[in-house]
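To be precise, the following lines are final.tsv, and they hold TSV, C-alpha atoms.
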chain	number	residue	atom	x	y	z
A	74	MET	CA	13.76	4.16	15.62
A	75	SER	CA	17.23	3.32	14.41
A	76	ASP	CA	17.77	-0.02	16.15
A	77	SER	CA	16.17	-2.70	13.94
A	78	ALA	CA	15.69	-4.91	17.00
A	79	GLU	CA	13.14	-2.38	18.30
A	80	LYS	CA	11.16	-2.30	15.11
A	81	PRO	CA	8.03	-4.44	14.78
A	82	ASN	CA	7.69	-7.40	12.44
A	83	ALA	CA	4.74	-7.34	10.05
A	84	ILE	CA	2.78	-9.60	7.71
A	85	ILE	CA	0.71	-8.42	4.78
A	86	PHE	CA	-1.90	-10.94	3.71
A	87	GLY	CA	-3.38	-10.58	0.23
A	88	GLY	CA	-3.73	-7.46	-1.88
A	89	LEU	CA	-0.85	-8.08	-4.28
A	90	ASN	CA	-3.29	-7.25	-7.08
A	91	THR	CA	-4.60	-4.18	-5.26
A	92	PHE	CA	-2.74	-2.23	-2.55
A	93	SER	CA	-0.20	-4.39	-0.71
A	94	ARG	CA	2.65	-3.37	-3.02
A	95	ALA	CA	2.33	0.26	-1.92
A	96	LEU	CA	2.13	-0.72	1.75
A	97	ALA	CA	5.21	-2.92	1.40
A	98	ALA	CA	7.12	-0.03	-0.23
A	99	LEU	CA	6.25	2.20	2.73
A	100	LEU	CA	7.32	-0.40	5.30
A	101	VAL	CA	10.51	-1.34	3.44
A	102	PRO	CA	11.39	1.30	0.81
A	103	PRO	CA	13.57	0.29	-2.15
A	104	GLN	CA	16.16	2.66	-0.68
A	105	GLY	CA	16.44	4.00	2.84
A	106	ASP	CA	15.47	2.92	6.33
A	107	SER	CA	12.63	0.48	6.89
A	108	LEU	CA	9.80	0.84	9.41
A	109	VAL	CA	9.87	-2.87	10.26
A	110	SER	CA	12.56	-5.38	11.17
A	111	HIS	CA	11.06	-8.08	8.95
A	112	LEU	CA	8.19	-8.07	6.44
A	113	ARG	CA	6.47	-11.15	5.10
A	114	ILE	CA	3.96	-10.82	2.25
A	115	VAL	CA	1.61	-13.75	1.70
A	116	ASP	CA	-0.73	-14.17	-1.26
A	117	LYS	CA	-1.94	-16.68	-3.85
A	118	PHE	CA	0.06	-15.18	-6.72
A	119	SER	CA	3.56	-16.02	-7.90
A	120	VAL	CA	6.09	-13.19	-8.11
A	121	SER	CA	8.78	-15.17	-9.97
A	122	PRO	CA	7.52	-15.48	-12.59
A	123	PRO	CA	4.80	-12.93	-11.83
A	124	THR	CA	1.20	-14.04	-12.30
A	125	THR	CA	-0.19	-10.56	-11.58
A	126	TYR	CA	0.97	-7.01	-12.29
A	127	LEU	CA	3.78	-5.92	-9.94
A	128	GLY	CA	4.79	-2.50	-11.27
A	129	SER	CA	8.37	-1.41	-11.81
A	130	GLU	CA	9.13	-0.50	-8.17
A	131	PHE	CA	7.84	-3.53	-6.25
A	132	PRO	CA	10.56	-5.96	-7.43
A	133	LYS	CA	13.06	-3.58	-5.78
A	134	VAL	CA	11.15	-3.96	-2.51
A	135	LEU	CA	11.21	-7.75	-2.85
A	136	ALA	CA	15.00	-7.60	-3.28
A	137	ARG	CA	15.47	-6.05	0.15
A	138	PRO	CA	16.84	-8.51	2.76
A	139	GLU	CA	14.09	-7.58	5.23
A	140	VAL	CA	11.37	-8.76	2.85
A	141	GLU	CA	10.10	-12.28	2.23
A	142	TYR	CA	7.35	-13.23	-0.21
A	143	ARG	CA	5.42	-16.44	0.33
A	144	GLN	CA	2.91	-17.91	-2.11
A	145	ALA	CA	0.17	-19.71	-0.21
A	146	ASN	CA	-3.44	-20.87	-0.39
A	147	LEU	CA	-5.08	-18.81	2.35
A	148	THR	CA	-8.28	-20.85	2.25
A	149	VAL	CA	-6.30	-23.60	4.05
A	150	PRO	CA	-5.99	-22.90	7.82
A	151	SER	CA	-2.72	-24.83	8.15
A	152	ALA	CA	-1.11	-22.67	5.43
A	153	VAL	CA	-2.22	-19.55	7.32
A	154	ALA	CA	-0.88	-20.89	10.62
A	155	SER	CA	2.47	-21.66	9.01
A	156	ALA	CA	2.67	-18.09	7.66
A	157	PHE	CA	2.63	-16.77	11.23
A	158	ASP	CA	5.79	-18.66	12.19
A	159	PRO	CA	8.61	-16.07	12.04
A	160	PRO	CA	11.99	-16.83	10.47
A	161	ALA	CA	14.72	-18.11	12.75
A	162	GLY	CA	16.07	-15.34	14.92
A	163	GLN	CA	13.05	-13.07	14.41
A	164	ALA	CA	10.47	-12.11	17.03
A	165	PRO	CA	6.80	-13.06	16.57
A	166	TYR	CA	4.83	-10.83	14.22
A	167	THR	CA	3.55	-7.63	15.78
A	168	TYR	CA	1.28	-6.31	13.04
A	169	VAL	CA	-1.01	-8.06	10.59
A	170	PHE	CA	-2.40	-6.18	7.60
A	171	ASP	CA	-5.40	-7.97	6.11
A	172	LEU	CA	-5.77	-6.83	2.49
A	173	THR	CA	-7.44	-10.05	1.36
A	174	GLY	CA	-10.77	-10.34	-0.43
A	175	GLU	CA	-12.22	-11.04	-3.86
A	176	VAL	CA	-12.61	-7.90	-6.00
A	177	ASN	CA	-14.17	-9.33	-9.17
A	178	HIS	CA	-17.91	-8.68	-9.20
A	179	ASP	CA	-18.44	-11.25	-11.94
A	180	TRP	CA	-17.85	-14.15	-9.56
A	181	GLY	CA	-20.81	-15.52	-7.61
A	182	GLU	CA	-21.65	-15.74	-3.92
A	183	VAL	CA	-19.79	-19.00	-3.29
A	184	ILE	CA	-16.49	-17.43	-4.40
A	185	ALA	CA	-17.25	-14.24	-2.47
A	186	ILE	CA	-17.71	-16.25	0.73
A	187	LYS	CA	-14.69	-18.50	0.21
A	188	MET	CA	-12.18	-15.88	-0.96
A	189	THR	CA	-13.31	-12.98	1.23
A	190	PHE	CA	-15.11	-14.15	4.38
A	191	THR	CA	-13.39	-17.52	4.93
A	192	VAL	CA	-9.87	-16.34	4.09
A	193	SER	CA	-10.12	-13.36	6.43
A	194	ARG	CA	-11.55	-15.54	9.20
A	195	ASN	CA	-8.68	-18.00	8.88
A	196	ILE	CA	-6.15	-15.18	9.26
A	197	ALA	CA	-7.98	-13.42	12.09
A	198	LEU	CA	-8.43	-16.55	14.22
A	199	GLU	CA	-4.72	-17.30	13.97
A	200	ALA	CA	-3.83	-13.67	14.69
A	201	ALA	CA	-5.98	-13.70	17.84
A	202	LYS	CA	-4.35	-16.95	18.95
A	203	ARG	CA	-0.89	-15.41	18.43
A	204	ASN	CA	-1.90	-12.20	20.25
A	205	VAL	CA	-0.70	-9.84	17.52
A	206	LYS	CA	-0.66	-6.23	18.70
A	207	ALA	CA	-2.61	-4.86	15.72
A	208	TYR	CA	-4.79	-6.42	13.03
A	209	VAL	CA	-5.70	-3.84	10.39
A	210	ARG	CA	-8.43	-4.75	7.91
A	211	LEU	CA	-8.70	-2.73	4.69
A	212	GLN	CA	-12.29	-2.37	3.52
A	213	GLN	CA	-12.72	-1.66	-0.19
A	214	PRO	CA	-15.25	1.01	-1.37
A	215	ILE	CA	-18.17	-1.42	-1.27
A	216	TYR	CA	-20.88	0.80	0.19
A	217	GLU	CA	-23.44	3.20	-1.24
A	218	THR	CA	-24.07	6.52	0.46
A	219	SER	CA	-26.49	9.33	-0.30
A	220	ASP	CA	-25.96	12.57	-2.23
A	221	LYS	CA	-26.68	14.65	0.90
A	222	GLY	CA	-23.10	14.96	2.12
A	223	PRO	CA	-20.21	12.90	3.50
A	224	VAL	CA	-21.14	10.19	6.00
A	225	ASP	CA	-19.15	9.45	9.11
A	226	GLU	CA	-18.37	6.09	10.69
A	227	LYS	CA	-21.55	6.06	12.80
A	228	ASP	CA	-23.85	6.30	9.79
A	229	ASP	CA	-25.45	3.08	8.55
A	230	VAL	CA	-24.12	2.64	5.00
A	231	LYS	CA	-25.33	-0.32	2.98
A	232	PRO	CA	-23.56	-2.74	0.67
A	233	ILE	CA	-25.57	-3.34	-2.51
A	234	LYS	CA	-24.10	-6.14	-4.62
A	235	THR	CA	-23.52	-9.74	-3.52
A	236	LEU	CA	-19.74	-9.37	-3.30
A	237	ASP	CA	-20.14	-6.16	-1.30
A	238	ILE	CA	-22.52	-7.81	1.16
A	239	TRP	CA	-19.93	-10.47	1.99
A	240	TRP	CA	-17.18	-7.87	2.39
A	241	HIS	CA	-19.47	-6.24	4.96
A	242	GLU	CA	-20.26	-9.57	6.63
A	243	THR	CA	-16.52	-10.15	6.89
A	244	VAL	CA	-15.95	-7.08	9.10
A	245	ARG	CA	-18.91	-8.10	11.27
A	246	MET	CA	-17.25	-11.48	11.76
A	247	LEU	CA	-13.87	-9.91	12.51
A	248	ALA	CA	-15.40	-7.53	15.04
A	249	SER	CA	-16.96	-10.48	16.88
A	250	ILE	CA	-13.63	-12.29	17.46
A	251	GLU	CA	-12.51	-11.86	21.06
A	252	ASN	CA	-8.93	-10.76	21.71
A	253	LEU	CA	-8.43	-9.61	18.10
A	254	ASN	CA	-6.79	-6.18	18.13
A	255	LEU	CA	-8.80	-5.10	15.12
A	256	VAL	CA	-8.89	-1.75	13.32
A	257	ILE	CA	-11.06	-1.33	10.21
A	258	LEU	CA	-9.97	1.16	7.54
A	259	ARG	CA	-12.70	1.99	5.01
A	260	VAL	CA	-11.25	3.65	1.92
A	261	GLY	CA	-12.70	5.64	-0.94
A	262	PHE	CA	-11.88	5.01	-4.60
A	263	VAL	CA	-8.11	4.59	-4.74
A	264	TYR	CA	-5.79	5.96	-7.42
A	265	GLY	CA	-2.07	6.56	-7.77
A	266	PRO	CA	1.14	5.32	-9.38
A	267	TYR	CA	1.09	1.63	-10.34
A	268	VAL	CA	-2.56	1.29	-9.25
A	269	GLU	CA	-4.03	-0.46	-12.26
A	270	PHE	CA	-6.94	-1.76	-10.20
A	271	GLY	CA	-10.26	-0.03	-9.56
A	272	LEU	CA	-12.62	2.56	-10.94
A	273	TYR	CA	-10.24	5.50	-11.37
A	274	ALA	CA	-7.51	3.61	-13.22
A	275	LEU	CA	-10.18	2.54	-15.70
A	276	VAL	CA	-11.69	6.02	-16.03
A	277	ILE	CA	-8.25	7.59	-16.60
A	278	THR	CA	-7.53	5.02	-19.31
A	279	VAL	CA	-10.90	5.53	-21.02
A	280	ALA	CA	-10.63	9.33	-20.81
A	281	SER	CA	-7.30	9.13	-22.65
A	282	ILE	CA	-9.08	7.28	-25.45
A	283	TYR	CA	-11.63	10.08	-25.89
A	284	GLY	CA	-8.79	12.61	-25.81
A	285	TYR	CA	-7.03	10.63	-28.54
A	286	MET	CA	-10.23	10.58	-30.65
A	287	LYS	CA	-10.92	14.25	-29.83
A	288	LYS	CA	-14.45	13.39	-28.77
A	289	PRO	CA	-16.34	14.16	-25.53
A	290	MET	CA	-16.60	11.41	-22.93
A	291	LYS	CA	-20.27	10.91	-22.01
A	292	THR	CA	-22.23	9.18	-19.26
A	293	ILE	CA	-25.91	8.45	-18.66
A	294	TRP	CA	-25.63	9.31	-14.95
A	295	GLY	CA	-26.47	13.00	-15.05
A	296	PRO	CA	-26.30	15.54	-13.53
A	297	GLY	CA	-23.27	14.02	-11.78
A	298	LYS	CA	-23.77	15.31	-8.24
A	299	GLU	CA	-23.20	11.93	-6.61
A	300	PRO	CA	-19.99	11.62	-4.55
A	301	VAL	CA	-17.20	9.33	-5.75
A	302	HIS	CA	-14.63	10.27	-3.13
A	303	THR	CA	-11.00	9.59	-3.89
A	304	VAL	CA	-7.87	8.69	-1.96
A	305	HIS	CA	-4.26	8.41	-3.11
A	306	ILE	CA	-2.48	5.08	-2.71
A	307	ASP	CA	0.25	6.77	-0.63
A	308	ASP	CA	-2.39	7.70	1.94
A	309	VAL	CA	-3.85	4.20	1.97
A	310	ALA	CA	-0.41	2.85	2.87
A	311	GLY	CA	0.23	5.65	5.37
A	312	ALA	CA	-3.12	5.23	7.11
A	313	LEU	CA	-2.75	1.44	7.37
A	314	TRP	CA	0.53	1.98	9.21
A	315	ALA	CA	-0.98	4.75	11.36
A	316	CYS	CA	-3.83	2.42	12.39
A	317	ALA	CA	-1.39	-0.29	13.47
A	318	GLU	CA	0.78	2.15	15.43
A	319	TRP	CA	-2.31	3.60	17.13
A	320	MET	CA	-3.65	0.19	18.18
A	321	ARG	CA	-0.37	-1.25	19.45
A	322	PRO	CA	-0.25	0.42	22.90
A	323	LEU	CA	-4.01	0.37	23.45
A	324	GLY	CA	-5.44	-3.11	23.01
A	325	ARG	CA	-8.93	-3.82	21.74
A	326	LYS	CA	-11.00	-2.82	24.78
A	327	GLN	CA	-9.53	0.66	25.02
A	328	ALA	CA	-9.53	1.12	21.24
A	329	ASP	CA	-13.23	0.20	21.13
A	330	ALA	CA	-13.93	2.79	23.82
A	331	ILE	CA	-12.14	5.48	21.82
A	332	ALA	CA	-13.16	4.66	18.23
A	333	GLY	CA	-15.55	1.70	18.29
A	334	GLU	CA	-18.58	1.68	15.99
A	335	LYS	CA	-21.53	-0.68	15.77
A	336	ILE	CA	-21.65	-2.74	12.57
A	337	PRO	CA	-25.27	-3.53	11.58
A	338	PHE	CA	-26.53	-6.59	9.70
A	339	HIS	CA	-27.12	-6.30	5.93
A	340	ASN	CA	-27.45	-9.84	4.63
A	341	ASP	CA	-29.92	-12.68	4.12
A	342	ARG	CA	-30.68	-14.31	7.49
A	343	SER	CA	-31.20	-17.78	6.09
A	344	ARG	CA	-27.99	-17.63	4.03
A	345	VAL	CA	-25.88	-16.47	6.96
A	346	LYS	CA	-26.94	-19.49	9.03
A	347	GLU	CA	-25.35	-21.78	6.43
A	348	VAL	CA	-21.89	-20.16	6.65
A	349	VAL	CA	-19.51	-21.20	9.40
A	350	GLY	CA	-18.22	-18.34	11.51
A	351	THR	CA	-20.89	-15.71	10.92
A	352	CYS	CA	-22.20	-13.81	13.92
A	353	SER	CA	-25.88	-13.54	14.78
A	354	PRO	CA	-27.97	-11.21	12.59
A	355	ASP	CA	-29.40	-9.78	15.80
A	356	THR	CA	-26.04	-8.57	17.10
A	357	GLN	CA	-24.18	-5.42	16.15
A	358	PRO	CA	-20.53	-6.13	16.93
A	359	VAL	CA	-18.31	-3.14	17.74
A	360	ALA	CA	-14.83	-2.40	16.39
A	361	PRO	CA	-12.59	0.64	15.87
A	362	MET	CA	-13.32	2.06	12.42
A	363	PHE	CA	-11.94	4.90	10.33
A	364	ASN	CA	-12.88	6.35	6.95
A	365	LEU	CA	-10.09	7.40	4.61
A	366	VAL	CA	-10.63	9.79	1.70
A	367	ASP	CA	-8.84	12.94	0.57
A	368	ASP	CA	-10.19	16.47	0.95
A	369	SER	CA	-11.39	16.85	-2.65
A	370	GLU	CA	-14.99	15.70	-2.09
A	371	THR	CA	-14.92	14.46	-5.68
A	372	THR	CA	-18.24	14.07	-7.50
A	373	LEU	CA	-18.89	12.33	-10.80
A	374	ALA	CA	-19.14	15.67	-12.62
A	375	LYS	CA	-16.10	17.21	-10.90
A	376	GLY	CA	-13.87	14.16	-11.29
A	377	GLY	CA	-14.98	13.42	-14.83
A	378	SER	CA	-14.39	17.00	-15.95
A	379	MET	CA	-10.93	17.20	-14.40
A	380	ILE	CA	-9.75	13.88	-15.86
A	381	THR	CA	-11.07	14.59	-19.36
A	382	GLN	CA	-9.60	18.11	-19.33
A	383	PHE	CA	-6.21	16.56	-18.58
A	384	PHE	CA	-6.52	14.64	-21.86
A	385	GLY	CA	-7.78	17.64	-23.82
A	386	THR	CA	-11.45	16.75	-24.07
A	387	THR	CA	-14.73	17.27	-22.19
A	388	PHE	CA	-17.05	15.32	-19.88
A	389	GLU	CA	-20.72	15.45	-20.85
A	390	PHE	CA	-24.08	13.87	-20.03
A	391	TYR	CA	-26.56	12.31	-22.39
A	392	SER	CA	-29.93	14.00	-22.81
A	393	SER	CA	-32.91	12.76	-20.78
A	394	LEU	CA	-34.29	10.90	-23.81
A	395	GLU	CA	-30.94	9.32	-24.65
A	396	THR	CA	-30.49	8.30	-21.01
A	397	ALA	CA	-33.96	6.71	-20.80
A	398	ILE	CA	-33.31	4.67	-23.94
A	399	ALA	CA	-29.82	3.66	-22.80
A	400	LYS	CA	-31.05	2.39	-19.42
A	401	LEU	CA	-33.46	0.06	-21.21
A	402	ARG	CA	-30.66	-1.53	-23.21
A	403	LEU	CA	-27.66	-1.46	-20.86
A	404	GLU	CA	-26.35	-4.86	-21.99
A	405	ASP	CA	-26.31	-3.84	-25.65
A	406	LEU	CA	-24.78	-0.50	-24.67
A	407	GLU	CA	-22.03	-2.28	-22.70
A	408	GLU	CA	-21.10	-4.33	-25.78
A	409	GLU	CA	-21.10	-1.30	-28.10
A	410	ILE	CA	-19.07	0.87	-25.73
A	411	ASN	CA	-16.44	-1.78	-25.14
A	412	GLU	CA	-16.02	-2.62	-28.81
A	413	HIS	CA	-15.30	1.08	-29.32
A	414	HIS	CA	-13.01	1.46	-26.27
A	415	VAL	CA	-11.00	-1.72	-26.65
A	416	GLY	CA	-10.43	-1.24	-30.37
A	417	THR	CA	-9.18	2.33	-29.97
A	418	TRP	CA	-6.99	1.48	-26.96
A	419	THR	CA	-5.39	-1.33	-28.96
A	420	GLU	CA	-4.72	1.13	-31.78
A	421	MET	CA	-3.14	3.59	-29.33
A	422	LEU	CA	-0.83	0.90	-27.93
A	423	GLN	CA	0.24	-0.19	-31.43
A	424	LEU	CA	0.87	3.36	-32.72
A	425	SER	CA	2.76	4.42	-29.61
A	426	ASN	CA	6.42	5.36	-30.06
A	427	PRO	CA	7.73	2.91	-29.03
A	428	PRO	CA	4.78	0.47	-29.29
A	429	VAL	CA	3.38	-0.82	-25.99
A	430	THR	CA	3.54	-4.62	-26.06
A	431	GLN	CA	2.46	-5.26	-22.46
A	432	THR	CA	0.22	-3.23	-20.17
A	433	PRO	CA	-1.85	-4.03	-17.08
A	434	LEU	CA	-4.34	-1.35	-18.10
A	435	ASN	CA	-7.46	-2.17	-19.97
A	436	ALA	CA	-10.31	-0.16	-21.44
A	437	TYR	CA	-13.08	-2.71	-20.90
A	438	MET	CA	-15.92	-1.32	-18.80
A	439	ASP	CA	-17.97	-4.11	-17.22
A	440	LYS	CA	-21.41	-3.75	-15.62
A	441	TYR	CA	-19.87	-2.66	-12.32
A	442	ALA	CA	-17.85	0.11	-13.98
A	443	LEU	CA	-20.83	1.32	-16.01
A	444	SER	CA	-23.21	1.35	-13.03
A	445	ARG	CA	-23.88	4.37	-10.84
A	446	HIS	CA	-21.56	4.81	-7.85
A	447	ARG	CA	-22.24	6.85	-4.72
A	448	LEU	CA	-19.62	6.88	-2.01
A	449	GLY	CA	-18.98	9.95	0.13
A	450	TYR	CA	-17.03	9.60	3.39
A	451	SER	CA	-16.04	12.13	6.02
A	452	ASN	CA	-12.35	11.92	6.94
A	453	HIS	CA	-12.61	13.97	10.15
A	454	LYS	CA	-12.37	11.05	12.58
A	455	ILE	CA	-9.06	9.65	11.35
A	456	LYS	CA	-7.56	13.14	11.46
A	457	ARG	CA	-8.91	13.82	14.94
A	458	ILE	CA	-8.15	10.53	16.70
A	459	LEU	CA	-5.08	9.28	14.85
A	460	GLY	CA	-3.77	12.71	13.97
A	461	TYR	CA	-3.34	11.46	10.43
A	462	GLN	CA	-2.19	14.09	7.92
A	463	LEU	CA	-2.98	13.44	4.28
A	464	GLN	CA	0.08	13.27	2.05
A	465	ARG	CA	-2.02	13.85	-1.07
A	466	PRO	CA	-5.02	15.91	0.09
A	467	ASN	CA	-6.25	16.81	-3.40
A	468	PHE	CA	-7.13	14.77	-6.46
A	469	CYS	CA	-5.94	17.05	-9.25
A	470	GLN	CA	-4.27	17.17	-12.66
A	471	GLU	CA	-0.82	17.12	-11.06
A	472	THR	CA	-1.55	13.78	-9.38
A	473	ILE	CA	-2.93	12.39	-12.64
A	474	GLN	CA	0.24	13.57	-14.41
A	475	ASP	CA	2.34	11.65	-11.88
A	476	VAL	CA	0.30	8.48	-12.48
A	477	VAL	CA	0.58	8.70	-16.27
A	478	ASP	CA	4.28	9.62	-16.20
A	479	LYS	CA	5.12	6.52	-14.16
A	480	TRP	CA	3.11	4.27	-16.49
A	481	LYS	CA	4.94	5.81	-19.44
A	482	ALA	CA	8.31	5.30	-17.77
A	483	GLU	CA	7.70	1.57	-17.30
A	484	GLY	CA	6.33	1.17	-20.85
A	485	SER	CA	2.69	0.55	-19.87
A	486	TRP	CA	1.19	3.73	-21.41
A	487	PRO	CA	1.20	4.89	-25.06
A	488	VAL	CA	3.55	7.75	-25.94
A	489	PHE	CA	2.86	10.16	-28.80
A	490	PRO	CA	5.80	12.59	-28.97
A	491	ASN	CA	3.96	15.13	-31.13
A	492	ALA	CA	0.74	15.07	-29.14

As structure tokens, what does this structure read like?
Amino acid sequence: MSDSAEKPNAIIFGGLNTFSRALAALLVPPQGDSLVSHLRIVDKFSVSPPTTYLGSEFPKVLARPEVEYRQANLTVPSAVASAFDPPAGQAPYTYVFDLTGEVNHDWGEVIAIKMTFTVSRNIALEAAKRNVKAYVRLQQPIYETSDKGPVDEKDDVKPIKTLDIWWHETVRMLASIENLNLVILRVGFVYGPYVEFGLYALVITVASIYGYMKKPMKTIWGPGKEPVHTVHIDDVAGALWACAEWMRPLGRKQADAIAGEKIPFHNDRSRVKEVVGTCSPDTQPVAPMFNLVDDSETTLAKGGSMITQFFGTTFEFYSSLETAIAKLRLEDLEEEINEHHVGTWTEMLQLSNPPVTQTPLNAYMDKYALSRHRLGYSNHKIKRILGYQLQRPNFCQETIQDVVDKWKAEGSWPVFPNA
């Protein structure tokens, strides 16, 4: 599509601290042809000066003439409505990518509702009013599955923690909005260049610490058979675009017929009644839904072993007795572990050649990071219906090398020339 007038216009809402930077770089690369005529990115953060990590490539995307960044409070409906007004001379927005949502598990339910459910509802209602051709919602890895094998989109997977429950309630609400051309993309645990957010960025950082100390990295969650399925950030961006392109010619009714799935209720009935915009607990709204993970079928043991081997150490499990004792004193264990991790990481940054004075990476493992995770998705549906082909089908040492090399190049990762 060479004529820019034929290209769609797109808005990315939220996700500057998670995945919107990668999506923006796909839609409007720092060099080369863009997929869209105009891209607007809207979030609560400032980019000049930056109030969140941007990575070394994203400022180049922002410098492109097709790209506009707007700082806005998305809890305010009028600010959302204003964001949908295209620049002079541009057509109305064709695609909306909803990457909003709170990701900090330390905040309570009130924040989860306001920053996840309410923000997304504000955007979706305006998008439906404007008749956008595709509204793609990215769903973080907030569910827990079993150890019995990958689940598909029809399986009833449950959110566990308070924040997760409201992420789930958000997609139920979105699915219930008439005339919203919604597609839901549920992703596994995301990793990749400039992804400082999430479980795998933390595990890679911590594994480097144990490699530096020449000690094994241990966990209490043996034997490690639980799935922790991965997906590369390039595929998250690629699949978001593929979802929008798929929806555009279809419309919601036909898309539901092809890929619609029922979304069951997993919340407190009395609490839901107090929140404006929730749908009835007795309904199971339907919306097109796709899982996105790579082909690695990563487990805790498999992923942990590969990452630690990359840093020249091993991944081990505590004995049954050690595990039983540790589970009884998780809070004390969290404090001890983090004192050890943070102190050594600080030492690594200071002794680096040259020293690392600023990094978005941190070695602090909170309760969420230290808890057991089980998430195993099947990716067959997105391949079959969308024809999506994974760009990075395997989570391996080569992909970890790429991640670390890019952090080193921007000065965010310690360098030891003789190591």

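Nearest to Arg342 of chain A of all the residues A:Met438, A:Thr235, A:Thr191, A:Pro354 is A:Pro354, based on all atoms listed in the file.
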
Compare A:Pro428, A:Pro150, A:Pro132, A:Gly449 by their minimum atom-to-atom distance to Asp228 of chain A, counting all atoms listed in the file, and give me the closest one. A:Gly449

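Going from atom CA of Val366 of chain A to atom CA of Leu272 of chain A covers 14.7 Å.
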
When you look at Thr381 of chain A with a cut-off of 9 Å (counting only C-alpha atoms), what residues show up, excluding the ones that are within fewer than 4 positions of it in the same chain? I need them as a count of residues only. 13

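If you look at atom CA of Lys234 of chain A and atom CA of Gly297 of chain A, they are 21.4 Å away from each other.
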
Using all atoms listed in the file, find each residue of segment 337-362 of chain A with at least one atom at most 7 Å away from an atom of segment 253-268 of chain A; report its shortest atom-to-atom pair and that distance in Å (one decimal), sort the rows by chain and rising residue number, and return the result as a Markdown table.
| residue | atom | partner | partner_atom | distance |
| --- | --- | --- | --- | --- |
| A:Ala360 | CA | A:Val256 | CA | 6.7 |
| A:Pro361 | CA | A:Val256 | CA | 5.1 |
| A:Met362 | CA | A:Ile257 | CA | 4.6 |

Selected residues written out with C-alpha atoms, as a PDB file, in the frame of the given file:
ATOM      1  CA  ALA A 360     -14.830  -2.400  16.390  1.00  0.00           C
ATOM      2  CA  PRO A 361     -12.590   0.640  15.870  1.00  0.00           C
ATOM      3  CA  MET A 362     -13.320   2.060  12.420  1.00  0.00           C
TER       4      MET A 362
END

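With all atoms listed in the file as the atoms that count, the residue of A:Asp341, A:Asp367, A:Glu251, A:Glu395 with the shortest distance to Ser353 of chain A is A:Asp341.
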
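Selection around (-5.0, 11.3, -3.0) with radius 10 Å, counting only C-alpha atoms, yields the residues A:Gly261, A:Phe262, A:Val263, A:Tyr264, A:Gly265, A:His302, A:Thr303, A:Val304, A:His305, A:Ile306, A:Asp307, A:Asp308, A:Val309, A:Leu365, A:Val366, A:Asp367, A:Asp368, A:Ser369, A:Leu463, A:Gln464, A:Arg465, A:Pro466, A:Asn467, A:Phe468, A:Cys469, A:Thr472, A:Ile473.
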
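Here the question is which of A:Gly88, A:Gly350, A:Pro103, A:Gly416 gets nearest to Met286 of chain A using only C-alpha atoms, and that residue is A:Gly416.
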
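In terms of minimum interatomic distance to Thr372 of chain A, A:Gly295 ranks closest within A:Gly271, A:Pro102, A:Gly295, A:Pro122, counting all atoms listed in the file.
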
For atom CA of Tyr450 of chain A and atom CA of Ile196 of chain A, determine how far apart the two atoms are, in Å to one decimal place. 27.7 Å

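Residues with any atom within 9 Å of the point (-24.3, -8.4, 15.5), counting all atoms listed in the file, are Arg245, Met246, Ala248, Ser249, Lys335, Ile336, Pro337, Phe338, Cys352, Ser353, Pro354, Asp355, Thr356, Gln357, Pro358 and Val359 of chain A.
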
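Shortest separation to Pro123 of chain A among A:Val109, A:Leu89, A:Ala482, A:Ala136 occurs at residue A:Leu89, atoms counted being only C-alpha atoms.
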
Box for segment 225-237 of chain A - axis-aligned, 3 Å on each of the six sides, all listed atoms - centre and size in Å to one decimal, as AutoDock Vina command-line options.
--center_x -22.0 --center_y -0.1 --center_z 4.1 --size_x 13.2 --size_y 25.2 --size_z 23.4
